[in-house]
Structure formats: C-alpha cells, structure tokens
file model28.cif (mmCIF, C-alpha atoms and all ligand atoms)
data_final
loop_
_atom_site.label_atom_id
_atom_site.label_comp_id
_atom_site.auth_asym_id
_atom_site.auth_seq_id
_atom_site.Cartn_x
_atom_site.Cartn_y
_atom_site.Cartn_z
CA MET A 1 -57.36 4.61 -30.16
CA GLY A 2 -58.44 7.74 -32.04
CA PRO A 3 -57.35 8.68 -35.55
CA GLY A 4 -53.67 9.65 -35.75
CA ALA A 5 -52.95 8.22 -32.31
CA VAL A 6 -49.62 6.44 -32.05
CA GLN A 7 -49.36 2.91 -30.74
CA LEU A 8 -46.94 3.14 -27.83
CA LEU A 9 -44.21 0.53 -27.65
CA ARG A 10 -43.97 -1.39 -24.36
CA ALA A 11 -40.59 -3.13 -24.42
CA VAL A 12 -38.58 -5.01 -21.81
CA ILE A 13 -34.87 -5.76 -21.98
CA MET A 14 -33.84 -8.93 -20.15
CA GLY A 15 -30.70 -10.96 -19.60
CA PRO A 16 -28.53 -12.20 -16.77
CA PRO A 17 -26.69 -9.73 -14.52
CA GLY A 18 -23.91 -8.14 -16.55
CA SER A 19 -25.29 -9.26 -19.92
CA GLY A 20 -25.23 -5.64 -21.12
CA LYS A 21 -28.79 -4.46 -20.47
CA GLY A 22 -27.60 -1.05 -19.27
CA THR A 23 -25.06 -0.69 -22.08
CA ILE A 24 -27.49 -1.67 -24.85
CA SER A 25 -30.26 0.45 -23.29
CA SER A 26 -28.09 3.56 -23.47
CA ARG A 27 -27.51 2.86 -27.18
CA ILE A 28 -31.24 2.30 -27.70
CA VAL A 29 -32.16 5.67 -26.17
CA LYS A 30 -29.62 7.41 -28.42
CA HIS A 31 -31.37 6.01 -31.49
CA PHE A 32 -35.01 5.74 -30.51
CA ALA A 33 -37.39 8.03 -28.65
CA LEU A 34 -37.90 5.60 -25.79
CA GLN A 35 -38.06 6.26 -22.09
CA HIS A 36 -35.65 3.91 -20.27
CA LEU A 37 -36.60 2.75 -16.77
CA SER A 38 -34.06 0.58 -14.94
CA SER A 39 -35.14 -1.08 -11.69
CA GLY A 40 -31.51 -1.35 -10.57
CA ASP A 41 -30.83 2.37 -11.22
CA LEU A 42 -34.01 3.28 -9.37
CA LEU A 43 -33.01 1.12 -6.39
CA ARG A 44 -29.48 2.56 -6.33
CA GLU A 45 -30.94 6.07 -6.44
CA ASN A 46 -33.03 5.17 -3.38
CA MET A 47 -29.97 3.66 -1.69
CA ASN A 48 -27.95 6.87 -2.28
CA LYS A 49 -30.74 8.99 -0.84
CA ARG A 50 -31.15 6.52 2.04
CA THR A 51 -34.91 6.34 1.58
CA GLU A 52 -36.84 3.65 3.42
CA ILE A 53 -36.95 1.50 0.30
CA GLY A 54 -33.27 2.22 -0.33
CA VAL A 55 -32.16 1.02 3.11
CA LEU A 56 -34.26 -2.13 2.77
CA ALA A 57 -33.07 -2.77 -0.80
CA LYS A 58 -29.41 -2.53 0.17
CA SER A 59 -29.73 -5.43 2.59
CA TYR A 60 -30.97 -7.67 -0.25
CA ILE A 61 -28.78 -6.36 -3.06
CA ASP A 62 -25.54 -6.66 -1.11
CA GLN A 63 -26.32 -10.34 -0.61
CA GLY A 64 -27.12 -10.87 -4.29
CA ARG A 65 -30.77 -11.52 -3.46
CA LEU A 66 -33.86 -10.15 -5.18
CA ILE A 67 -36.04 -7.52 -3.50
CA PRO A 68 -39.43 -9.04 -2.47
CA ASP A 69 -41.99 -8.93 -5.29
CA ASP A 70 -44.60 -6.75 -3.58
CA ILE A 71 -42.11 -3.98 -2.76
CA MET A 72 -40.52 -4.08 -6.19
CA THR A 73 -43.81 -4.14 -8.07
CA GLN A 74 -45.20 -1.22 -6.09
CA LEU A 75 -42.07 0.85 -6.69
CA MET A 76 -41.97 0.17 -10.43
CA LEU A 77 -45.68 0.54 -11.13
CA ARG A 78 -45.68 3.89 -9.34
CA GLU A 79 -42.80 5.08 -11.52
CA LEU A 80 -44.43 3.67 -14.65
CA LYS A 81 -47.52 5.78 -14.12
CA THR A 82 -45.46 8.95 -14.56
CA LEU A 83 -44.13 7.71 -17.93
CA GLU A 84 -47.35 6.38 -19.45
CA GLN A 85 -47.37 8.73 -22.45
CA ASN A 86 -44.00 7.56 -23.86
CA HIS A 87 -42.58 4.57 -25.68
CA LEU A 88 -41.10 2.52 -22.85
CA LEU A 89 -38.08 0.34 -22.26
CA LEU A 90 -38.09 -1.51 -18.93
CA ASP A 91 -34.71 -2.83 -17.78
CA GLY A 92 -34.38 -5.26 -14.85
CA PHE A 93 -38.13 -5.52 -14.28
CA PRO A 94 -39.98 -7.88 -14.33
CA ARG A 95 -37.54 -10.41 -12.92
CA THR A 96 -39.94 -13.01 -11.52
CA VAL A 97 -43.17 -14.49 -12.87
CA PRO A 98 -45.31 -12.77 -10.16
CA GLN A 99 -43.77 -9.42 -11.20
CA ALA A 100 -44.56 -10.15 -14.87
CA GLU A 101 -48.15 -11.00 -13.99
CA ALA A 102 -48.56 -7.83 -11.91
CA LEU A 103 -47.16 -5.76 -14.78
CA ASP A 104 -49.52 -7.41 -17.26
CA LYS A 105 -52.48 -6.14 -15.29
CA VAL A 106 -51.55 -2.48 -15.95
CA CYS A 107 -49.45 -2.59 -19.10
CA SER A 108 -49.32 -5.11 -21.88
CA ILE A 109 -45.75 -5.87 -23.00
CA ASP A 110 -45.39 -6.27 -26.77
CA THR A 111 -41.62 -6.77 -27.14
CA VAL A 112 -39.02 -8.52 -24.99
CA ILE A 113 -35.36 -8.17 -25.97
CA ASP A 114 -33.44 -11.02 -24.34
CA LEU A 115 -29.64 -10.75 -24.16
CA ASP A 116 -28.45 -14.33 -24.12
CA VAL A 117 -24.86 -14.05 -22.87
CA PRO A 118 -23.00 -17.03 -21.31
CA PHE A 119 -22.19 -16.92 -17.59
CA GLU A 120 -18.40 -17.32 -18.08
CA THR A 121 -18.35 -14.09 -20.09
CA ILE A 122 -20.29 -12.26 -17.42
CA GLN A 123 -18.13 -13.14 -14.44
CA GLN A 124 -15.07 -11.48 -15.98
CA ARG A 125 -16.99 -8.37 -16.93
CA LEU A 126 -18.59 -7.48 -13.64
CA THR A 127 -15.38 -7.34 -11.65
CA ALA A 128 -14.09 -4.69 -14.12
CA ARG A 129 -17.22 -2.51 -14.00
CA TRP A 130 -17.26 1.07 -12.69
CA ILE A 131 -20.32 3.31 -12.60
CA HIS A 132 -21.27 6.97 -12.25
CA SER A 133 -23.82 6.61 -9.54
CA ALA A 134 -25.87 9.80 -10.15
CA SER A 135 -26.58 9.05 -13.84
CA GLY A 136 -26.23 5.25 -13.93
CA ARG A 137 -23.60 5.55 -16.70
CA VAL A 138 -21.58 2.35 -16.90
CA TYR A 139 -17.89 1.84 -17.72
CA ASN A 140 -15.63 -1.17 -17.98
CA LEU A 141 -11.87 -1.07 -17.57
CA ASP A 142 -11.37 -3.31 -20.64
CA PHE A 143 -14.38 -2.60 -22.81
CA ASN A 144 -15.34 1.07 -22.45
CA PRO A 145 -12.94 2.80 -20.06
CA PRO A 146 -13.64 6.41 -19.00
CA LYS A 147 -11.62 9.09 -20.82
CA VAL A 148 -9.97 10.11 -17.54
CA PRO A 149 -9.32 7.12 -15.24
CA GLY A 150 -11.79 6.97 -12.35
CA MET A 151 -13.89 9.93 -13.59
CA ASP A 152 -17.25 10.22 -15.35
CA ASP A 153 -16.93 11.46 -18.98
CA ASP A 154 -19.82 13.95 -18.78
CA THR A 155 -19.58 15.39 -15.26
CA GLY A 156 -15.96 14.66 -14.23
CA GLU A 157 -17.31 13.22 -10.97
CA PRO A 158 -15.64 10.15 -9.40
CA LEU A 159 -16.74 6.64 -10.43
CA ILE A 160 -17.52 3.93 -7.91
CA GLN A 161 -17.69 0.13 -7.93
CA ARG A 162 -20.99 -1.53 -7.05
CA ASP A 163 -20.94 -3.46 -3.76
CA ASP A 164 -22.75 -6.35 -5.45
CA ASP A 165 -19.98 -6.83 -8.05
CA LYS A 166 -17.83 -8.86 -5.64
CA PRO A 167 -17.17 -12.36 -7.09
CA GLU A 168 -19.18 -14.31 -4.48
CA THR A 169 -22.15 -11.95 -4.82
CA VAL A 170 -22.00 -12.22 -8.62
CA MET A 171 -22.31 -16.03 -8.27
CA LYS A 172 -25.42 -15.63 -6.11
CA ARG A 173 -26.97 -13.20 -8.60
CA LEU A 174 -26.40 -15.69 -11.43
CA LYS A 175 -28.03 -18.48 -9.38
CA SER A 176 -31.05 -16.35 -8.61
CA TYR A 177 -31.30 -15.50 -12.32
CA GLU A 178 -31.52 -19.22 -13.16
CA ALA A 179 -34.09 -20.00 -10.50
CA GLU A 180 -36.33 -16.94 -10.60
CA THR A 181 -35.81 -15.00 -13.81
CA ARG A 182 -35.37 -17.68 -16.47
CA PRO A 183 -39.05 -18.70 -16.02
CA VAL A 184 -40.00 -15.14 -17.04
CA LEU A 185 -38.41 -15.78 -20.47
CA GLU A 186 -40.67 -18.81 -20.83
CA TYR A 187 -43.66 -16.70 -19.76
CA TYR A 188 -42.98 -14.21 -22.57
CA ARG A 189 -42.06 -16.91 -25.09
CA GLN A 190 -45.52 -18.37 -24.62
CA LYS A 191 -47.05 -14.97 -25.27
CA GLY A 192 -45.08 -14.80 -28.52
CA VAL A 193 -43.24 -11.56 -27.69
CA LEU A 194 -39.75 -12.91 -26.86
CA LYS A 195 -36.85 -12.06 -29.16
CA SER A 196 -33.47 -13.51 -28.08
CA PHE A 197 -30.06 -12.20 -29.13
CA ALA A 198 -27.20 -14.59 -28.37
CA GLY A 199 -23.56 -13.56 -28.22
CA THR A 200 -20.56 -12.72 -26.07
CA GLU A 201 -19.89 -9.15 -27.25
CA THR A 202 -22.17 -6.14 -27.01
CA ASN A 203 -20.74 -4.64 -30.20
CA LYS A 204 -21.82 -7.74 -32.13
CA ILE A 205 -25.24 -8.01 -30.46
CA TRP A 206 -26.13 -4.33 -30.80
CA PRO A 207 -26.52 -4.16 -34.64
CA HIS A 208 -29.09 -6.96 -34.45
CA VAL A 209 -31.03 -5.24 -31.67
CA HIS A 210 -30.85 -2.01 -33.65
CA SER A 211 -32.28 -3.53 -36.85
CA PHE A 212 -34.95 -5.31 -34.88
CA LEU A 213 -36.11 -2.10 -33.18
CA ARG A 214 -36.09 -0.25 -36.50
CA THR A 215 -38.95 -2.48 -37.55
CA LYS A 216 -40.93 -0.98 -34.65
CA LEU A 217 -39.79 2.66 -34.28
CA PRO A 218 -38.11 5.35 -36.41
CA ASP A 219 -34.37 5.84 -35.78
CA ILE A 220 -33.81 9.39 -34.58
CA GLY A 221 -30.04 8.98 -33.90
P1 LIG A 301 -29.56 -4.52 -11.70
O1 LIG A 301 -28.92 -3.22 -11.52
O2 LIG A 301 -30.68 -4.66 -12.66
P2 LIG A 301 -28.33 -6.79 -12.96
O3 LIG A 301 -27.62 -7.75 -12.08
O4 LIG A 301 -29.51 -7.31 -13.62
O5 LIG A 301 -28.40 -5.52 -12.02
P3 LIG A 301 -26.44 -5.37 -14.25
O6 LIG A 301 -25.38 -5.91 -13.30
O7 LIG A 301 -26.86 -3.96 -14.11
O8 LIG A 301 -27.63 -6.31 -14.19
P4 LIG A 301 -26.40 -5.16 -17.11
O9 LIG A 301 -27.14 -3.89 -17.02
O10 LIG A 301 -27.04 -6.32 -17.80
O11 LIG A 301 -25.86 -5.65 -15.70
O12 LIG A 301 -25.01 -4.97 -17.81
P5 LIG A 301 -24.11 -3.63 -18.06
O13 LIG A 301 -23.99 -2.84 -16.81
O14 LIG A 301 -24.55 -2.96 -19.32
O15 LIG A 301 -22.71 -4.35 -18.40
C1 LIG A 301 -22.00 -5.03 -17.38
C2 LIG A 301 -20.50 -4.69 -17.51
O16 LIG A 301 -19.98 -5.28 -18.70
C3 LIG A 301 -20.20 -3.17 -17.65
O17 LIG A 301 -18.98 -2.89 -17.00
C4 LIG A 301 -20.06 -2.99 -19.17
O18 LIG A 301 -19.25 -1.85 -19.50
C5 LIG A 301 -19.40 -4.29 -19.56
N1 LIG A 301 -19.67 -4.74 -20.93
C6 LIG A 301 -20.80 -4.60 -21.67
N2 LIG A 301 -20.64 -5.16 -22.87
C7 LIG A 301 -19.39 -5.69 -22.90
C8 LIG A 301 -18.63 -6.42 -23.86
O19 LIG A 301 -19.08 -6.70 -24.98
N3 LIG A 301 -17.37 -6.80 -23.51
C9 LIG A 301 -16.83 -6.50 -22.27
N4 LIG A 301 -15.59 -6.91 -21.98
N5 LIG A 301 -17.51 -5.82 -21.34
C10 LIG A 301 -18.77 -5.43 -21.65
O20 LIG A 301 -30.06 -5.06 -10.30
C11 LIG A 301 -29.22 -5.03 -9.18
C12 LIG A 301 -29.90 -5.73 -8.02
O21 LIG A 301 -31.10 -5.03 -7.70
C13 LIG A 301 -32.12 -5.93 -7.33
C14 LIG A 301 -31.47 -7.31 -7.30
O22 LIG A 301 -30.97 -7.55 -6.03
C15 LIG A 301 -30.34 -7.15 -8.30
O23 LIG A 301 -29.29 -8.07 -8.08
N6 LIG A 301 -33.22 -5.85 -8.30
C16 LIG A 301 -34.38 -6.50 -8.21
N7 LIG A 301 -34.86 -7.33 -7.26
C17 LIG A 301 -36.08 -7.84 -7.48
N8 LIG A 301 -36.83 -7.58 -8.58
C18 LIG A 301 -36.40 -6.75 -9.53
N9 LIG A 301 -37.15 -6.49 -10.63
C19 LIG A 301 -35.10 -6.16 -9.38
N10 LIG A 301 -34.37 -5.31 -10.14
C20 LIG A 301 -33.23 -5.13 -9.48
MG MG A 302 -27.95 -2.70 -15.37
#
call {"tool": "encode", "arguments": {"input": "model28.cif", "output": "structure tokens", "more": "lines below"}}
Ligand code: G5P
Ligand code: MG
result
Amino acid sequence: MGPGAVQLLRAVIMGPPGSGKGTISSRIVKHFALQHLSSGDLLRENMNKRTEIGVLAKSYIDQGRLIPDDIMTQLMLRELKTLEQNHLLLDGFPRTVPQAEALDKVCSIDTVIDLDVPFETIQQRLTARWIHSASGRVYNLDFNPPKVPGMDDDTGEPLIQRDDDKPETVMKRLKSYEAETRPVLEYYRQKGVLKSFAGTETNKIWPHVHSFLRTKLPDIG
C-alpha cells in the first residue's frame, strides 16, 4: 500500500433469515461510505429479469433451499470485482463454508457482524414483511410500515410479499441456516474477525453496531 492509501474495509453481515441484515445494512449505508452487496437482492433482481440464473435460483429459493455453491460464488465474485475500490459490506454471502473459502481466495474479510436473533422472534417477523422489489427496500406491517399502505415510500410503486416468506418455507430456511450457515460463524470466529450482537429488536441492536463500526470508519450520516 502506497503512502496515503486507505485500507479498505471488507465486512460481512450475517444472521439467520429475517434477523435484520437488510434493515441494519440500510442504516449502515446511511452512516458510512460502504458499498452494500446483498446476495438475496441480486438473486431477486435476476428472478425479476428472468435471467438464466434467476430462473434457476427461483426453484431453490421457493423451496427454502440454498443455491448451489459454485453458481452462487461465481455470481458474487463477478459482482465483487466491479466494487473492488470501495469499502464493502456483504450481506447474505458467504452462507456456507465452501463459499467462505472461495471468497477468502480473492478478498480477505476483516470484520463479520453477526446478528444473533432468536428463531421465535424471526418467525413472526417474516410473515409481516413487504418489500419494494426494484430497490430491495424492506417494510414490516408492525415495525416499519410504509407511509401509504402497500406502496413504496420513495417511488410510490406497489410493494410485494416474497414467495419464500410462507411459514413452511421460513422453517426450511431456518433449518438450512443451522446446518449450513452456522459453521461459517465458527470459521470466522477462528479467524478472530467475528463480532456478535445479540438481541430481539433492531432498534436496540443498531446502536451497538453503529458504535462498533465507528471504530473502523468515519460516520458521514
Ligand atoms: P436472503 O434474501 O439473503 P435471508 O433469508 O438471509 O434472505 P432475509 O429474509 O432477507 O434473510 P434479513 O435481511 O436478515 O432477512 O432481515 P430484514 O429483511 O432486514 O428483516 C426481516 C423483517 O423483519 C422485515 O420485514 C423487517 O422490516 C422486520 N424487522 C427488522 N427488525 C425488526 C424488529 O426489530 N422488530 C420487528 N417486529 N420487525 C423487524 O436470501 C434469500 C434466499 O436466497 C438464497 C437462499 O435460498 C435464501 O433463502 N441465497 C443463497 N443461497 C446460497 N448461498 C447464498 N450465499 C445465498 N444468498 C441467498
Ligand atoms: Mg435480506
């Protein structure tokens, strides 16, 4: 690194489905000059455009199953290349140990923010979630309802429910989290980069995440 060069932050946000990764990430990007890359948003974008990857992804996502590692890794690493010059926040990737290992080969992660939210809390939340599919903006009928019911605050476009937020699919996603994603936490713990934030409410977790990130980046919000 030359004189004056800035060390770029390589952060990952993890946590079970519905733990608030998307919600906390949108607060993070309001306060810090980070580029947010969500694997789920990227997949949904491909599903909307009915790309080859999108059509394939839908068949897995609707069943609450993970996309195969090689496809997912290829998709994310390609996207990552275009964002190399920024501080980065990865959301939803890596989700398996093979994905974490593949990522390590091209980009060394220095910070992992783990949202440790109990499963009971999550089940209630996901059935009340509505999203603006073009932007990925997330609402919740109880927690952060849109200003006009059923409409996106910024564009006024209609909100939709995700097909994978049906109760039986949510259960499958939680099971796959336990089996395939929890080992990734252990992987990062051993590398000494894991920072866990436990709680049941985003508004209580967020101030801790905020102070933690302030030790790494200037707050621009
Ligand atoms: P995604 O899109 O990455 P998940 O399952 O990891 O999906 P999800 O569902 O997007 O995660 P989140 O981002 O953690 O959840 O949470 P969120 O959207 O911010 O909040 C959830 C809801 O709770 C919202 O309605 C929010 O408003 C509300 N909420 C937040 N905080 C609070 C609170 O304090 N109180 C209350 N009451 N509500 C709150 O991945 C989707 C699928 O894509 C595939 C998989 O099939 C996956 O299931 N996929 C991959 N497959 C393989 N490898 C990968 N790396 C993959 N990435 C994605
Ligand atoms: Mg999300």
call {"tool": "residues_near_point", "arguments": {"input": "model28.cif", "point": "(-37.0, 1.1, -8.3)", "cutoff": "7 Å", "atoms": "all atoms listed in the file", "output": "PDB file with C-alpha atoms, in the coordinates of the input"}}
result
ATOM      1  CA  SER A  39     -35.140  -1.080 -11.690  1.00  0.00           C
ATOM      2  CA  GLY A  40     -31.510  -1.350 -10.570  1.00  0.00           C
ATOM      3  CA  ASP A  41     -30.830   2.370 -11.220  1.00  0.00           C
ATOM      4  CA  LEU A  42     -34.010   3.280  -9.370  1.00  0.00           C
ATOM      5  CA  LEU A  43     -33.010   1.120  -6.390  1.00  0.00           C
ATOM      6  CA  MET A  72     -40.520  -4.080  -6.190  1.00  0.00           C
ATOM      7  CA  LEU A  75     -42.070   0.850  -6.690  1.00  0.00           C
ATOM      8  CA  MET A  76     -41.970   0.170 -10.430  1.00  0.00           C
TER       9      MET A  76
END
call {"tool": "closest_residue", "arguments": {"input": "model28.cif", "among": "A:Leu126, A:Ile109, A:Ala57, A:Ile67", "to": "Ser176 of chain A", "atoms": "only C-alpha atoms"}}
result
A:Ile67
call {"tool": "residues_near_ligand", "arguments": {"input": "model28.cif", "ligand": "ligand LIG 301 (chain A)", "cutoff": "6 Å", "atoms": "all atoms listed in the file", "output": "mmCIF file with C-alpha atoms, in the coordinates of the input"}}
result
data_model
loop_
_atom_site.group_PDB
_atom_site.id
_atom_site.type_symbol
_atom_site.label_atom_id
_atom_site.label_comp_id
_atom_site.auth_asym_id
_atom_site.auth_seq_id
_atom_site.Cartn_x
_atom_site.Cartn_y
_atom_site.Cartn_z
ATOM 1 C CA PRO A 16 -28.530 -12.200 -16.770
ATOM 2 C CA PRO A 17 -26.690 -9.730 -14.520
ATOM 3 C CA GLY A 18 -23.910 -8.140 -16.550
ATOM 4 C CA SER A 19 -25.290 -9.260 -19.920
ATOM 5 C CA GLY A 20 -25.230 -5.640 -21.120
ATOM 6 C CA LYS A 21 -28.790 -4.460 -20.470
ATOM 7 C CA GLY A 22 -27.600 -1.050 -19.270
ATOM 8 C CA THR A 23 -25.060 -0.690 -22.080
ATOM 9 C CA SER A 39 -35.140 -1.080 -11.690
ATOM 10 C CA GLY A 40 -31.510 -1.350 -10.570
ATOM 11 C CA ASP A 41 -30.830 2.370 -11.220
ATOM 12 C CA TYR A 60 -30.970 -7.670 -0.250
ATOM 13 C CA ILE A 61 -28.780 -6.360 -3.060
ATOM 14 C CA GLY A 64 -27.120 -10.870 -4.290
ATOM 15 C CA ARG A 65 -30.770 -11.520 -3.460
ATOM 16 C CA LEU A 66 -33.860 -10.150 -5.180
ATOM 17 C CA ILE A 67 -36.040 -7.520 -3.500
ATOM 18 C CA MET A 72 -40.520 -4.080 -6.190
ATOM 19 C CA GLY A 92 -34.380 -5.260 -14.850
ATOM 20 C CA PHE A 93 -38.130 -5.520 -14.280
ATOM 21 C CA PRO A 94 -39.980 -7.880 -14.330
ATOM 22 C CA ARG A 95 -37.540 -10.410 -12.920
ATOM 23 C CA ARG A 125 -16.990 -8.370 -16.930
ATOM 24 C CA LEU A 126 -18.590 -7.480 -13.640
ATOM 25 C CA ALA A 128 -14.090 -4.690 -14.120
ATOM 26 C CA ARG A 129 -17.220 -2.510 -14.000
ATOM 27 C CA VAL A 138 -21.580 2.350 -16.900
ATOM 28 C CA TYR A 139 -17.890 1.840 -17.720
ATOM 29 C CA ASN A 140 -15.630 -1.170 -17.980
ATOM 30 C CA ASP A 142 -11.370 -3.310 -20.640
ATOM 31 C CA PHE A 143 -14.380 -2.600 -22.810
ATOM 32 C CA ASN A 144 -15.340 1.070 -22.450
ATOM 33 C CA ARG A 173 -26.970 -13.200 -8.600
ATOM 34 C CA GLU A 201 -19.890 -9.150 -27.250
ATOM 35 C CA THR A 202 -22.170 -6.140 -27.010
ATOM 36 C CA ASN A 203 -20.740 -4.640 -30.200
#
call {"tool": "closest_residue", "arguments": {"input": "model28.cif", "among": "A:Lys147, A:Met14, A:Val29, A:Lys172", "to": "His210 of chain A", "atoms": "all atoms listed in the file"}}
result
A:Val29
call {"tool": "atom_distance", "arguments": {"input": "model28.cif", "atom1": "atom CA of Pro98 of chain A", "atom2": "atom CA of Gln7 of chain A"}}
result
26.2 Å
call {"tool": "closest_residue", "arguments": {"input": "model28.cif", "among": "A:Ser108, A:Gln74, A:Ser211, A:Ser135", "to": "ligand MG 302 (chain A)", "atoms": "only C-alpha atoms and all ligand atoms"}}
result
A:Ser135
call {"tool": "residues_around", "arguments": {"input": "model28.cif", "residues": "Gln123 of chain A", "least_positions_apart": "5", "cutoff": "9 Å", "atoms": "all atoms listed in the file", "output": "PyMOL selection string"}}
result
chain A and resi 18+167+170-171
call {"tool": "write_last_selection", "arguments": {"input": "model28.cif", "atoms": "C-alpha atoms", "output": "PDB file, keeping the file's coordinate frame"}}
result
ATOM      1  CA  GLY A  18     -23.910  -8.140 -16.550  1.00  0.00           C
ATOM      2  CA  PRO A 167     -17.170 -12.360  -7.090  1.00  0.00           C
ATOM      3  CA  VAL A 170     -22.000 -12.220  -8.620  1.00  0.00           C
ATOM      4  CA  MET A 171     -22.310 -16.030  -8.270  1.00  0.00           C
TER       5      MET A 171
END
call {"tool": "decode", "arguments": {"input": "model28.cif", "residues": "segment 141-156 of chain A", "atoms": "N, CA and C atoms", "output": "CSV table (one decimal), in the first residue's frame"}}
result
chain,number,residue,atom,x,y,z
A,141,LEU,N,-45.2,-4.7,8.6
A,141,LEU,CA,-46.5,-4.1,8.9
A,141,LEU,C,-46.5,-3.6,10.4
A,142,ASP,N,-45.8,-4.3,11.3
A,142,ASP,CA,-45.7,-3.9,12.7
A,142,ASP,C,-44.6,-2.9,13.0
A,143,PHE,N,-43.5,-3.1,12.4
A,143,PHE,CA,-42.2,-2.5,12.8
A,143,PHE,C,-41.9,-1.2,12.0
A,144,ASN,N,-41.9,-1.3,10.7
A,144,ASN,CA,-41.7,-0.1,9.9
A,144,ASN,C,-42.6,-0.1,8.7
A,145,PRO,N,-43.9,0.2,9.0
A,145,PRO,CA,-44.9,0.2,7.9
A,145,PRO,C,-44.6,1.3,6.9
A,146,PRO,N,-45.0,1.1,5.6
A,146,PRO,CA,-44.9,2.2,4.6
A,146,PRO,C,-45.8,3.3,5.0
A,147,LYS,N,-45.5,4.5,4.5
A,147,LYS,CA,-46.3,5.7,4.8
A,147,LYS,C,-47.7,5.5,4.2
A,148,VAL,N,-47.8,5.1,3.0
A,148,VAL,CA,-49.1,4.7,2.3
A,148,VAL,C,-49.1,3.2,2.3
A,149,PRO,N,-50.2,2.6,2.8
A,149,PRO,CA,-50.3,1.1,2.9
A,149,PRO,C,-50.1,0.5,1.5
A,150,GLY,N,-49.2,-0.5,1.4
A,150,GLY,CA,-49.0,-1.2,0.1
A,150,GLY,C,-48.1,-0.5,-0.9
A,151,MET,N,-47.6,0.7,-0.5
A,151,MET,CA,-46.8,1.5,-1.5
A,151,MET,C,-45.4,1.8,-1.0
A,152,ASP,N,-44.4,1.8,-1.9
A,152,ASP,CA,-43.0,2.2,-1.5
A,152,ASP,C,-43.0,3.7,-1.2
A,153,ASP,N,-42.3,4.0,-0.1
A,153,ASP,CA,-42.2,5.4,0.3
A,153,ASP,C,-41.5,6.3,-0.7
A,154,ASP,N,-40.5,5.9,-1.4
A,154,ASP,CA,-39.7,6.7,-2.3
A,154,ASP,C,-40.3,6.8,-3.7
A,155,THR,N,-40.8,5.7,-4.2
A,155,THR,CA,-41.3,5.7,-5.6
A,155,THR,C,-42.8,5.6,-5.8
A,156,GLY,N,-43.5,5.3,-4.7
A,156,GLY,CA,-44.9,5.1,-4.8
A,156,GLY,C,-45.4,3.9,-5.5
